[in-house]
Structure formats: structure tokens, C-alpha cells
$ cat data_29.cif   # mmCIF, C-alpha atoms
data_model
#
loop_
_atom_site.group_PDB
_atom_site.id
_atom_site.type_symbol
_atom_site.label_atom_id
_atom_site.label_comp_id
_atom_site.auth_asym_id
_atom_site.auth_seq_id
_atom_site.Cartn_x
_atom_site.Cartn_y
_atom_site.Cartn_z
ATOM 1 C CA MET A 4 23.097 -149.943 -90.901
ATOM 2 C CA ARG A 5 25.757 -149.007 -93.445
ATOM 3 C CA TYR A 6 24.694 -149.900 -96.989
ATOM 4 C CA ALA A 7 26.664 -150.383 -100.200
ATOM 5 C CA ILE A 8 25.121 -150.983 -103.611
ATOM 6 C CA PHE A 9 27.418 -152.715 -106.095
ATOM 7 C CA ASP A 10 25.858 -152.487 -109.535
ATOM 8 C CA PRO A 11 28.476 -153.215 -112.222
ATOM 9 C CA THR A 12 25.788 -153.387 -114.922
ATOM 10 C CA GLN A 13 24.190 -150.050 -113.855
ATOM 11 C CA HIS A 14 20.839 -151.812 -114.216
ATOM 12 C CA ALA A 15 19.422 -150.571 -110.903
ATOM 13 C CA VAL A 16 20.651 -147.049 -110.223
ATOM 14 C CA GLY A 17 17.153 -146.408 -108.888
ATOM 15 C CA LEU A 18 18.050 -148.382 -105.762
ATOM 16 C CA THR A 19 19.843 -145.212 -104.660
ATOM 17 C CA LEU A 20 16.410 -143.558 -104.428
ATOM 18 C CA LEU A 21 15.184 -146.373 -102.175
ATOM 19 C CA PHE A 22 18.399 -146.355 -100.120
ATOM 20 C CA PRO A 23 19.708 -142.780 -100.256
ATOM 21 C CA GLU A 24 22.059 -143.539 -97.362
ATOM 22 C CA ALA A 25 23.884 -146.166 -99.461
ATOM 23 C CA ASP A 26 27.158 -145.722 -101.316
ATOM 24 C CA TYR A 27 26.767 -146.697 -104.969
ATOM 25 C CA TYR A 28 29.604 -148.570 -106.685
ATOM 26 C CA SER A 29 30.000 -149.494 -110.320
ATOM 27 C CA ILE A 30 32.784 -150.197 -112.777
ATOM 28 C CA SER A 31 34.039 -148.356 -115.833
ATOM 29 C CA PRO A 32 33.322 -149.810 -119.299
ATOM 30 C CA THR A 33 37.039 -149.424 -119.969
ATOM 31 C CA SER A 34 37.603 -152.371 -117.601
ATOM 32 C CA TYR A 35 37.251 -156.087 -118.336
ATOM 33 C CA PHE A 36 33.524 -155.847 -117.632
ATOM 34 C CA LYS A 37 31.471 -154.393 -120.492
ATOM 35 C CA TYR A 38 27.669 -154.305 -120.179
ATOM 36 C CA SER A 39 26.927 -150.991 -121.904
ATOM 37 C CA GLN A 40 27.466 -149.236 -118.585
ATOM 38 C CA ARG A 41 28.468 -145.576 -118.666
ATOM 39 C CA THR A 42 31.753 -143.928 -117.806
ATOM 40 C CA ASN A 43 31.587 -141.828 -114.660
ATOM 41 C CA GLU A 44 31.421 -138.632 -116.679
ATOM 42 C CA ALA A 45 28.513 -139.886 -118.816
ATOM 43 C CA PHE A 46 26.840 -141.372 -115.740
ATOM 44 C CA GLN A 47 26.921 -138.034 -113.927
ATOM 45 C CA ARG A 48 25.355 -136.258 -116.908
ATOM 46 C CA VAL A 49 22.387 -138.642 -116.693
ATOM 47 C CA TYR A 50 22.001 -139.265 -112.952
ATOM 48 C CA GLY A 51 23.591 -136.180 -111.393
ATOM 49 C CA PHE A 52 26.204 -137.966 -109.294
ATOM 50 C CA GLN A 53 29.294 -140.113 -109.783
ATOM 51 C CA TYR A 54 29.620 -143.733 -108.783
ATOM 52 C CA LYS A 55 32.422 -144.980 -106.558
ATOM 53 C CA GLU A 56 35.036 -147.000 -108.431
ATOM 54 C CA ASP A 57 37.418 -148.129 -105.686
ATOM 55 C CA LEU A 58 36.126 -151.668 -105.150
ATOM 56 C CA THR A 59 38.706 -152.283 -102.398
ATOM 57 C CA LYS A 60 36.390 -150.251 -100.155
ATOM 58 C CA LEU A 61 33.684 -152.921 -100.485
ATOM 59 C CA LYS A 62 34.413 -154.720 -97.229
ATOM 60 C CA ASP A 63 32.679 -155.551 -93.983
ATOM 61 C CA SER A 64 34.644 -152.982 -91.996
ATOM 62 C CA ASN A 65 32.951 -150.269 -94.077
ATOM 63 C CA TYR A 66 29.502 -151.744 -94.714
ATOM 64 C CA ASP A 67 26.967 -153.936 -92.931
ATOM 65 C CA VAL A 68 24.689 -154.645 -95.898
ATOM 66 C CA LEU A 69 25.800 -155.324 -99.466
ATOM 67 C CA LEU A 70 23.308 -155.084 -102.329
ATOM 68 C CA PHE A 71 24.635 -156.682 -105.506
ATOM 69 C CA VAL A 72 22.911 -156.209 -108.876
ATOM 70 C CA PHE A 73 23.787 -158.810 -111.479
ATOM 71 C CA VAL A 74 22.771 -161.337 -114.147
ATOM 72 C CA ALA A 75 23.772 -164.718 -112.745
ATOM 73 C CA TRP A 76 22.906 -166.632 -115.912
ATOM 74 C CA ASP A 77 25.598 -164.742 -117.816
ATOM 75 C CA GLY A 78 28.026 -165.156 -114.946
ATOM 76 C CA LYS A 79 27.957 -168.928 -115.279
ATOM 77 C CA GLN A 80 28.900 -168.796 -118.977
ATOM 78 C CA GLN A 81 32.639 -169.339 -119.190
ATOM 79 C CA ASN A 82 32.826 -167.918 -122.701
ATOM 80 C CA ASN A 83 30.857 -164.769 -121.935
ATOM 81 C CA GLN A 84 32.531 -162.050 -123.985
ATOM 82 C CA PHE A 85 31.429 -159.232 -121.691
ATOM 83 C CA GLY A 86 33.313 -160.380 -118.588
ATOM 84 C CA ALA A 87 30.326 -161.610 -116.569
ATOM 85 C CA ASN A 88 32.082 -164.768 -115.417
ATOM 86 C CA GLN A 89 35.034 -162.730 -114.136
ATOM 87 C CA MET A 90 32.641 -160.429 -112.301
ATOM 88 C CA MET A 91 30.897 -163.419 -110.736
ATOM 89 C CA GLY A 92 34.312 -164.633 -109.597
ATOM 90 C CA PHE A 93 35.085 -161.253 -108.059
ATOM 91 C CA PHE A 94 31.787 -161.310 -106.161
ATOM 92 C CA GLU A 95 32.485 -164.811 -104.820
ATOM 93 C CA ILE A 96 35.883 -163.647 -103.522
ATOM 94 C CA LEU A 97 34.141 -160.670 -101.930
ATOM 95 C CA LEU A 98 31.838 -163.044 -100.042
ATOM 96 C CA GLN A 99 34.656 -165.379 -99.017
ATOM 97 C CA THR A 100 36.835 -162.605 -97.600
ATOM 98 C CA ASN A 101 34.140 -160.613 -95.788
ATOM 99 C CA THR A 102 31.359 -161.219 -93.292
ATOM 100 C CA PHE A 103 28.619 -158.766 -94.135
ATOM 101 C CA LYS A 104 25.570 -158.832 -91.895
ATOM 102 C CA LYS A 105 23.350 -159.156 -94.973
ATOM 103 C CA VAL A 106 24.048 -159.869 -98.627
ATOM 104 C CA ILE A 107 21.162 -159.104 -100.968
ATOM 105 C CA VAL A 108 21.245 -159.888 -104.685
ATOM 106 C CA PHE A 109 19.046 -158.379 -107.412
ATOM 107 C CA ASP A 110 18.928 -160.638 -110.457
ATOM 108 C CA ASN A 111 17.893 -158.718 -113.564
ATOM 109 C CA HIS A 112 18.390 -161.359 -116.253
ATOM 110 C CA ASP A 113 15.587 -162.057 -118.727
ATOM 111 C CA TYR A 114 15.293 -165.778 -118.025
ATOM 112 C CA PRO A 115 13.164 -167.158 -115.150
ATOM 113 C CA TYR A 116 15.828 -169.443 -113.619
ATOM 114 C CA ASP A 117 16.519 -169.783 -109.891
ATOM 115 C CA PRO A 118 19.552 -167.496 -109.339
ATOM 116 C CA SER A 119 20.355 -169.062 -105.968
ATOM 117 C CA LEU A 120 21.808 -172.031 -107.871
ATOM 118 C CA TYR A 121 24.707 -169.914 -109.116
ATOM 119 C CA TYR A 122 26.026 -168.359 -105.899
ATOM 120 C CA LYS A 123 28.530 -170.359 -103.868
ATOM 121 C CA GLY A 124 29.066 -167.893 -101.019
ATOM 122 C CA LYS A 125 26.754 -166.459 -98.389
ATOM 123 C CA VAL A 126 23.720 -164.804 -99.945
ATOM 124 C CA ASP A 127 20.835 -164.062 -97.595
ATOM 125 C CA CYS A 128 18.155 -162.856 -99.972
ATOM 126 C CA ILE A 129 17.641 -162.615 -103.738
ATOM 127 C CA PHE A 130 15.175 -160.447 -105.627
ATOM 128 C CA LYS A 131 14.344 -161.850 -109.040
ATOM 129 C CA ARG A 132 12.831 -159.731 -111.816
ATOM 130 C CA ASN A 133 11.377 -162.548 -113.931
ATOM 131 C CA TYR A 134 10.026 -164.711 -111.096
ATOM 132 C CA CYS A 135 7.372 -167.004 -112.575
ATOM 133 C CA ARG A 136 4.593 -168.966 -110.912
ATOM 134 C CA ASP A 137 5.299 -172.011 -113.105
ATOM 135 C CA ARG A 138 8.913 -172.356 -111.874
ATOM 136 C CA THR A 139 10.401 -173.541 -108.582
ATOM 137 C CA TYR A 140 12.667 -171.271 -106.541
ATOM 138 C CA SER A 141 14.679 -171.419 -103.363
ATOM 139 C CA GLU A 142 12.989 -169.906 -100.308
ATOM 140 C CA ILE A 143 15.528 -167.049 -100.349
ATOM 141 C CA VAL A 144 14.378 -165.926 -103.819
ATOM 142 C CA ASN A 145 11.639 -163.292 -103.987
ATOM 143 C CA PRO A 146 9.710 -161.804 -106.890
ATOM 144 C CA PHE A 147 10.867 -158.334 -107.891
ATOM 145 C CA PRO A 148 9.086 -157.320 -111.116
ATOM 146 C CA PHE A 149 10.035 -153.676 -110.634
ATOM 147 C CA MET A 150 13.309 -153.344 -112.549
ATOM 148 C CA MET A 151 14.631 -153.593 -116.081
ATOM 149 C CA PHE A 152 17.811 -152.671 -117.926
ATOM 150 C CA GLY A 153 17.709 -150.254 -120.842
ATOM 151 C CA LEU A 154 18.097 -146.641 -121.885
ATOM 152 C CA PRO A 155 17.812 -143.743 -121.310
ATOM 153 C CA THR A 156 17.820 -144.615 -117.595
ATOM 154 C CA CYS A 157 17.213 -147.538 -115.291
ATOM 155 C CA SER A 158 13.468 -148.239 -115.079
ATOM 156 C CA ILE A 159 13.240 -147.734 -111.313
ATOM 157 C CA TRP A 160 14.912 -144.349 -111.640
ATOM 158 C CA ASN A 161 12.641 -143.389 -114.543
ATOM 159 C CA TYR A 162 9.266 -144.205 -113.011
ATOM 160 C CA LEU A 163 10.163 -142.830 -109.571
ATOM 161 C CA HIS A 164 11.466 -139.541 -110.964
ATOM 162 C CA HIS A 165 8.584 -139.060 -113.398
ATOM 163 C CA HIS A 166 5.793 -140.727 -111.437
ATOM 164 C CA SER A 167 3.177 -138.005 -111.959
ATOM 165 C CA ASP A 168 4.280 -136.578 -115.315
ATOM 166 C CA TYR A 169 1.457 -138.124 -117.339
ATOM 167 C CA GLN A 170 -1.465 -137.940 -114.963
ATOM 168 C CA ASN A 171 -4.727 -136.530 -116.314
ATOM 169 C CA VAL A 172 -3.640 -136.574 -119.966
ATOM 170 C CA GLU A 173 -6.731 -136.617 -122.175
ATOM 171 C CA LYS A 174 -7.064 -139.952 -123.974
ATOM 172 C CA GLN A 175 -7.840 -140.636 -127.619
ATOM 173 C CA LEU A 176 -9.380 -143.832 -128.938
ATOM 174 C CA GLY A 177 -6.663 -146.158 -130.188
ATOM 175 C CA VAL A 178 -4.033 -148.740 -129.266
ATOM 176 C CA PHE A 179 -0.373 -147.720 -129.043
ATOM 177 C CA PHE A 180 2.410 -150.172 -129.890
ATOM 178 C CA ALA A 181 6.183 -149.839 -130.008
ATOM 179 C CA GLY A 182 8.870 -152.486 -129.737
ATOM 180 C CA ALA A 183 11.124 -154.946 -131.509
ATOM 181 C CA LEU A 184 9.603 -157.936 -133.280
ATOM 182 C CA TYR A 185 11.503 -161.220 -133.048
ATOM 183 C CA LYS A 186 11.523 -164.896 -132.189
ATOM 184 C CA HIS A 187 13.792 -166.097 -129.416
ATOM 185 C CA GLU A 188 14.448 -169.561 -128.018
ATOM 186 C CA ASN A 189 16.776 -170.909 -125.353
ATOM 187 C CA LYS A 190 16.137 -174.592 -124.735
ATOM 188 C CA GLU A 191 18.428 -174.765 -121.712
ATOM 189 C CA ALA A 192 16.441 -172.008 -119.995
ATOM 190 C CA GLY A 193 13.101 -173.313 -121.269
ATOM 191 C CA VAL A 194 12.320 -170.006 -122.956
ATOM 192 C CA TYR A 195 10.516 -169.460 -126.254
ATOM 193 C CA VAL A 196 9.149 -166.098 -127.378
ATOM 194 C CA ASP A 197 7.420 -165.342 -130.680
ATOM 195 C CA ARG A 198 6.546 -161.684 -130.956
ATOM 196 C CA GLU A 199 6.325 -161.791 -134.739
ATOM 197 C CA THR A 200 3.327 -164.114 -134.925
ATOM 198 C CA ILE A 201 1.254 -162.485 -132.176
ATOM 199 C CA PHE A 202 1.958 -159.048 -133.613
ATOM 200 C CA GLN A 203 0.614 -160.094 -137.003
ATOM 201 C CA GLU A 204 -2.610 -161.151 -135.254
ATOM 202 C CA ILE A 205 -3.092 -157.764 -133.550
ATOM 203 C CA LYS A 206 -1.482 -155.532 -136.190
ATOM 204 C CA PRO A 207 -4.807 -154.401 -137.786
ATOM 205 C CA TYR A 208 -5.909 -152.913 -134.462
ATOM 206 C CA VAL A 209 -2.804 -151.000 -133.322
ATOM 207 C CA HIS A 210 -0.905 -147.825 -134.190
ATOM 208 C CA GLN A 211 2.785 -148.709 -134.448
ATOM 209 C CA TYR A 212 5.520 -146.213 -133.562
ATOM 210 C CA SER A 213 9.311 -146.256 -133.802
ATOM 211 C CA GLY A 214 12.166 -143.780 -133.768
ATOM 212 C CA LEU A 215 10.508 -141.038 -131.715
ATOM 213 C CA PRO A 216 12.613 -138.986 -129.281
ATOM 214 C CA TYR A 217 12.004 -140.459 -125.841
ATOM 215 C CA GLU A 218 9.932 -137.663 -124.315
ATOM 216 C CA GLN A 219 7.815 -137.400 -127.461
ATOM 217 C CA TYR A 220 7.397 -141.172 -127.437
ATOM 218 C CA MET A 221 6.198 -141.182 -123.815
ATOM 219 C CA ARG A 222 3.883 -138.235 -124.400
ATOM 220 C CA GLN A 223 2.372 -139.922 -127.442
ATOM 221 C CA MET A 224 1.778 -143.152 -125.523
ATOM 222 C CA SER A 225 0.085 -141.246 -122.721
ATOM 223 C CA ARG A 226 -2.546 -139.918 -125.161
ATOM 224 C CA TYR A 227 -3.814 -143.387 -126.091
ATOM 225 C CA MET A 228 -6.587 -145.229 -124.276
ATOM 226 C CA PHE A 229 -4.616 -148.492 -124.663
ATOM 227 C CA SER A 230 -1.005 -149.598 -125.053
ATOM 228 C CA VAL A 231 0.164 -153.122 -125.886
ATOM 229 C CA ASP A 232 2.697 -154.952 -123.731
ATOM 230 C CA LEU A 233 3.954 -158.011 -125.615
ATOM 231 C CA ASN A 234 6.031 -160.628 -123.846
ATOM 232 C CA GLY A 235 9.769 -160.233 -124.279
ATOM 233 C CA CYS A 236 12.726 -162.521 -123.711
ATOM 234 C CA GLY A 237 12.082 -161.679 -120.086
ATOM 235 C CA ASN A 238 9.183 -160.119 -118.236
ATOM 236 C CA PRO A 239 8.311 -157.561 -117.154
ATOM 237 C CA ASN A 240 10.073 -155.630 -119.873
ATOM 238 C CA LYS A 241 10.877 -151.978 -120.400
ATOM 239 C CA ARG A 242 7.540 -151.331 -122.093
ATOM 240 C CA THR A 243 5.672 -152.592 -119.017
ATOM 241 C CA PHE A 244 6.995 -149.772 -116.848
ATOM 242 C CA GLU A 245 6.649 -147.156 -119.555
ATOM 243 C CA ILE A 246 2.966 -147.988 -120.045
ATOM 244 C CA LEU A 247 2.258 -147.881 -116.311
ATOM 245 C CA LEU A 248 4.033 -144.528 -116.139
ATOM 246 C CA SER A 249 2.120 -143.191 -119.155
ATOM 247 C CA ARG A 250 -1.291 -143.936 -117.546
ATOM 248 C CA SER A 251 -2.475 -145.551 -120.775
ATOM 249 C CA LEU A 252 -4.312 -148.811 -120.057
ATOM 250 C CA ARG A 253 -1.814 -151.642 -120.389
ATOM 251 C CA ILE A 254 -3.132 -154.546 -122.484
ATOM 252 C CA SER A 255 -0.630 -157.284 -121.771
ATOM 253 C CA GLN A 256 0.035 -160.641 -123.329
ATOM 254 C CA ASP A 257 -0.482 -163.320 -120.678
ATOM 255 C CA ASN A 258 2.616 -164.549 -118.857
ATOM 256 C CA ALA A 259 3.548 -166.206 -115.564
ATOM 257 C CA VAL A 260 5.208 -163.250 -113.802
ATOM 258 C CA VAL A 261 4.387 -163.029 -110.087
ATOM 259 C CA TRP A 262 3.371 -159.566 -108.865
ATOM 260 C CA PRO A 263 4.005 -159.533 -105.084
ATOM 261 C CA PHE A 264 1.051 -157.437 -104.020
ATOM 262 C CA PRO A 265 -2.560 -158.366 -103.234
ATOM 263 C CA VAL A 266 -4.253 -156.280 -105.945
ATOM 264 C CA GLN A 267 -4.324 -157.802 -109.425
ATOM 265 C CA PHE A 268 -4.570 -156.086 -112.786
ATOM 266 C CA HIS A 269 -8.048 -156.255 -114.337
ATOM 267 C CA SER A 270 -8.769 -159.523 -116.177
ATOM 268 C CA PHE A 271 -9.895 -157.629 -119.292
ATOM 269 C CA ALA A 272 -6.445 -155.998 -119.541
ATOM 270 C CA SER A 273 -4.733 -159.161 -120.802
ATOM 271 C CA PHE A 274 -4.982 -161.499 -123.772
ATOM 272 C CA GLN A 275 -3.614 -164.715 -125.242
ATOM 273 C CA THR A 276 -4.617 -164.540 -128.918
ATOM 274 C CA GLY A 277 -5.329 -161.888 -131.512
ATOM 275 C CA ASP A 278 -9.037 -162.698 -131.378
ATOM 276 C CA GLU A 279 -9.108 -162.298 -127.601
ATOM 277 C CA PHE A 280 -7.190 -159.031 -127.910
ATOM 278 C CA PHE A 281 -9.817 -157.658 -130.291
ATOM 279 C CA GLU A 282 -12.709 -158.874 -128.144
ATOM 280 C CA ARG A 283 -11.367 -157.391 -124.911
ATOM 281 C CA VAL A 284 -10.373 -154.032 -126.355
ATOM 282 C CA SER A 285 -13.776 -153.811 -128.104
ATOM 283 C CA THR A 286 -15.574 -154.625 -124.860
ATOM 284 C CA LEU A 287 -13.613 -151.982 -122.966
ATOM 285 C CA VAL A 288 -14.354 -149.363 -125.631
ATOM 286 C CA GLN A 289 -18.068 -150.191 -125.623
ATOM 287 C CA ASN A 290 -18.255 -150.109 -121.826
ATOM 288 C CA PRO A 291 -16.711 -146.845 -120.570
ATOM 289 C CA GLU A 292 -17.291 -147.737 -116.919
ATOM 290 C CA LEU A 293 -15.431 -151.028 -117.358
ATOM 291 C CA TYR A 294 -12.535 -149.161 -118.986
ATOM 292 C CA LYS A 295 -12.469 -146.635 -116.136
ATOM 293 C CA GLU A 296 -12.441 -149.452 -113.588
ATOM 294 C CA ALA A 297 -9.573 -151.279 -115.310
ATOM 295 C CA LEU A 298 -7.560 -148.051 -115.538
ATOM 296 C CA ARG A 299 -8.385 -147.152 -111.925
ATOM 297 C CA ILE A 300 -7.017 -150.500 -110.720
ATOM 298 C CA GLN A 301 -3.861 -150.106 -112.809
ATOM 299 C CA ASN A 302 -3.221 -146.581 -111.516
ATOM 300 C CA GLU A 303 -3.911 -147.707 -107.950
ATOM 301 C CA ILE A 304 -1.300 -150.440 -108.316
ATOM 302 C CA PHE A 305 1.226 -148.031 -109.800
ATOM 303 C CA ASP A 306 0.623 -145.303 -107.225
ATOM 304 C CA THR A 307 0.707 -147.711 -104.269
ATOM 305 C CA TYR A 308 3.403 -150.253 -105.060
ATOM 306 C CA PHE A 309 5.743 -148.507 -107.511
ATOM 307 C CA THR A 310 6.833 -146.002 -104.877
ATOM 308 C CA LYS A 311 9.963 -145.402 -102.834
ATOM 309 C CA GLU A 312 8.233 -146.175 -99.555
ATOM 310 C CA TRP A 313 6.601 -149.448 -100.579
ATOM 311 C CA LEU A 314 9.593 -150.807 -102.502
ATOM 312 C CA ARG A 315 12.032 -150.048 -99.701
ATOM 313 C CA GLY A 316 9.719 -151.624 -97.146
ATOM 314 C CA TYR A 317 9.230 -154.698 -99.317
ATOM 315 C CA ILE A 318 12.984 -155.205 -99.726
ATOM 316 C CA LEU A 319 13.728 -154.729 -96.028
ATOM 317 C CA THR A 320 10.896 -157.029 -94.960
ATOM 318 C CA ARG A 321 11.805 -159.838 -97.337
ATOM 319 C CA ALA A 322 15.482 -159.485 -96.403
ATOM 320 C CA ASN A 323 14.504 -159.712 -92.722
ATOM 321 C CA LEU A 324 15.983 -156.328 -91.903
ATOM 322 C CA ASN A 325 14.242 -154.395 -89.140
ATOM 323 C CA THR A 326 12.363 -151.636 -90.971
ATOM 324 C CA SER A 327 12.029 -149.559 -87.817
ATOM 325 C CA THR A 328 15.802 -149.085 -87.654
ATOM 326 C CA ASN A 329 16.396 -148.753 -91.398
ATOM 327 C CA ASN A 330 14.246 -145.782 -92.388
#
$ encode --input "data_29.cif" --output "C-alpha cells"
Amino acid sequence: MRYAIFDPTQHAVGLTLLFPEADYYSISPTSYFKYSQRTNEAFQRVYGFQYKEDLTKLKDSNYDVLLFVFVAWDGKQQNNQFGANQMMGFFEILLQTNTFKKVIVFDNHDYPYDPSLYYKGKVDCIFKRNYCRDRTYSEIVNPFPFMMFGLPTCSIWNYLHHHSDYQNVEKQLGVFFAGALYKHENKEAGVYVDRETIFQEIKPYVHQYSGLPYEQYMRQMSRYMFSVDLNGCGNPNKRTFEILLSRSLRISQDNAVVWPFPVQFHSFASFQTGDEFFERVSTLVQNPELYKEALRIQNEIFDTYFTKEWLRGYILTRANLNTSTNN
């Protein structure tokens, strides 16, 4: 199979690690499409290779499988100032004028909508970051809580390249927190987030950090027994992957994200209120074996499912591509 990855947002460069045989296409920020993506020169400094820019090569005579990374919610907004609607139009033309054997979409938007509603052409399979158990989705939509936009690199790239960097770091008693505090509401999407209020409830129990250089920030997080993962506009968020990578025990605010693997994070590693946060962290501190068990489960999940082999297999299986001929 000949694969092409078209990622105009540069949200999922890490897919090139899962599909090293694929050609990776993106688009310069000097074009009509502006999503904080890098120029090819800046991109190469970060990722070590250049993306292909000649989009006329994206056709079925060159590729069997097209992987498209996008934010469909933005693409349906006619007044989107960043050019998302034009990019959605380009993708629809691509589908109308080609017959790829498989078209796979990765939807990385924050909101938990059904992205299949926004594609008019042939799309065989969609992987949705914020896929929630309290929403209804088309049968072609699959949970994919493994990606997130943000700097310095795409999350998939970051945790695959640095998977073992923070193993066996000695832990100190304390709770690490970093992140923006805000309230956000979108009635059309049915989304309401209030980080400000929940943070005030847990603030007495956490050590708050901001402005650290990234490597120092990750190293500091890795030294803490616990790190807080508050819900964002969309989940999982960048902090989710950073905490898993750091090997600090992730204490997450409850949400409806579907994790598509059989093992579940420990029940004591989540909370709804400030009081519950305090009670669960206190219990884990007072019971070292319980803490070790919760951290063991988290590390087992990270080491088993956040890997090149498992993620590639999951994508190929859900997309109904024969894994035996695609390795």
C-alpha cells in the first residue's frame, strides 16, 4: 500500500513514526491556510525532515491510502479567519476527483462532535480525539485519544520519541500543576469548561508552575508523586500526555473521554470536586501500596498502548486494512 499523510495543521507529525513508509504533506503558513504551522525550514529544525508541498501529487495514481488530519468544526465555519473552510473545500475536491482505496481522517478539534457529519465525499474511517461516551457517533468514527496540537512538537511525536526519558525518577511528596485557568462555553457544541472554580478548590494542595523551559518543566513534573490533569476545552489535552510521559501519577478531573483499550486507569486517580481530590490524594499518600498499584496501572497503559506498534495496529484494524500486508 502507498500511503500519504496530508496534515495542513501539522497537528499529527507523529503519524510519520507510525507510518514511516508514508509521504508527509503540509502547507506553508504563507498560504491562505494559517494554523500556526511551521515553514519548511522551521519544520526541519524541529522534526529533522521537510514536508512535501506540491499538493498536486496527492492523487490516486500515486497513493492508495490518504490520511487527512484536520479540525472539521472549524472547516464548517464560513467566516473562519484561518482558512479552514477553504481547506475543507480543497479536501472535498480531492475526494471528488480521486478514488483512493481508503480515506482516513484524524479529527483533532477540542469539541466532541461527530466529524462524519461534515464530510460530503468518501471517507472510510475517522479517528476522533475527543470521542465521548455521552455522545452519539457514526459507526465509522473511532476514539483516538492519543493526539493533541501544541508546542514544542506534536504530542504523538513527543511521547514516542521520549518514551523512556523519565523512567525511574525518584519521586517527592507533592502535587504538580501547570496550565491556563479559564472558563469556556460553546452552546452549539454543548461544551462548558470552568477551570477557574475547580482550581480554587484544589489550589491549597498543589504546587503551581509556569514559564519553565520545556525540558526543565518536564523534569520537574517527573519528580512529583502526583500531577493534576484538569479538563480543557477538549480532552485529552496536552497535559494528559505530558503527565503520562513524566511517570508522575496523573490525577485527572472526571470526563467522558473513551479510552479504546481494556485496561482502565485506577479509580483513585480521578476526582470530581476539591474535597474528593483531597480525599483521594490523601488516601494514596497514606497507602503506599495503593499508590504503587495506581502508578503501575498507569505505566502499563502508557507502555502498552502509547507505542508505535499498538497505535499502528489499532489504526489499521479499525480502518479495515489488512495488518499482515501493511507492516
$ closest_residue --input "data_29.cif" --among "A:Asn101, A:Ser255, A:Thr243, A:Gln13" --to "Arg283 in chain A" --atoms "only C-alpha atoms"
A:Ser255
$ residues_around --input "data_29.cif" --residues "His269 in chain A" --least-positions-apart "6" --cutoff "12 Å" --atoms "all atoms listed in the file" --output "MDAnalysis selection string"
chainID A and resid 252:255 283 287 293:304
$ write_last_selection --input "data_29.cif" --atoms "C-alpha atoms" --output "PDB file, keeping the file's coordinate frame"
ATOM      1  CA  LEU A 252      -4.312-148.811-120.057  1.00  0.00           C
ATOM      2  CA  ARG A 253      -1.814-151.642-120.389  1.00  0.00           C
ATOM      3  CA  ILE A 254      -3.132-154.546-122.484  1.00  0.00           C
ATOM      4  CA  SER A 255      -0.630-157.284-121.771  1.00  0.00           C
ATOM      5  CA  ARG A 283     -11.367-157.391-124.911  1.00  0.00           C
ATOM      6  CA  LEU A 287     -13.613-151.982-122.966  1.00  0.00           C
ATOM      7  CA  LEU A 293     -15.431-151.028-117.358  1.00  0.00           C
ATOM      8  CA  TYR A 294     -12.535-149.161-118.986  1.00  0.00           C
ATOM      9  CA  LYS A 295     -12.469-146.635-116.136  1.00  0.00           C
ATOM     10  CA  GLU A 296     -12.441-149.452-113.588  1.00  0.00           C
ATOM     11  CA  ALA A 297      -9.573-151.279-115.310  1.00  0.00           C
ATOM     12  CA  LEU A 298      -7.560-148.051-115.538  1.00  0.00           C
ATOM     13  CA  ARG A 299      -8.385-147.152-111.925  1.00  0.00           C
ATOM     14  CA  ILE A 300      -7.017-150.500-110.720  1.00  0.00           C
ATOM     15  CA  GLN A 301      -3.861-150.106-112.809  1.00  0.00           C
ATOM     16  CA  ASN A 302      -3.221-146.581-111.516  1.00  0.00           C
ATOM     17  CA  GLU A 303      -3.911-147.707-107.950  1.00  0.00           C
ATOM     18  CA  ILE A 304      -1.300-150.440-108.316  1.00  0.00           C
TER      19      ILE A 304
END
$ residues_near_point --input "data_29.cif" --point "(4.5, -152.1, -112.1)" --cutoff "8 Å" --atoms "only C-alpha atoms" --output "PyMOL selection string"
chain A and resi 148-149+243-244+247+304-305+308-309
$ closest_residue --input "data_29.cif" --among "A:Ser31, A:Asn189, A:Thr156, A:Thr19" --to "Arg315 in chain A" --atoms "all atoms listed in the file"
A:Thr19
$ closest_residue --input "data_29.cif" --among "A:Gly193, A:Gly237, A:Gly182, A:Pro291" --to "Tyr212 in chain A" --atoms "only C-alpha atoms"
A:Gly182
$ resolve_selection --input "data_29.cif" --expression "the PyMOL selection byres ((chain A and resi 178) around 12)" --output "PyMOL selection string"
chain A and resi 174-177+179-181+205-212+223-232+246+251-255+280-281+284-285+287-288
$ resolve_selection --input "data_29.cif" --expression "the PyMOL selection byres ((chain A and resi 15) around 9)" --output "ChimeraX atom specification"
/A:10,12-14,16-19,72,109,111,150-152,157-160
$ resolve_selection --input "data_29.cif" --expression "the PyMOL selection byres ((chain A and resi 48-57) around 9)" --output "NGL selection string"
:A and (16 or 26-31 or 43-47 or 58-61 or 155-156 or 160)
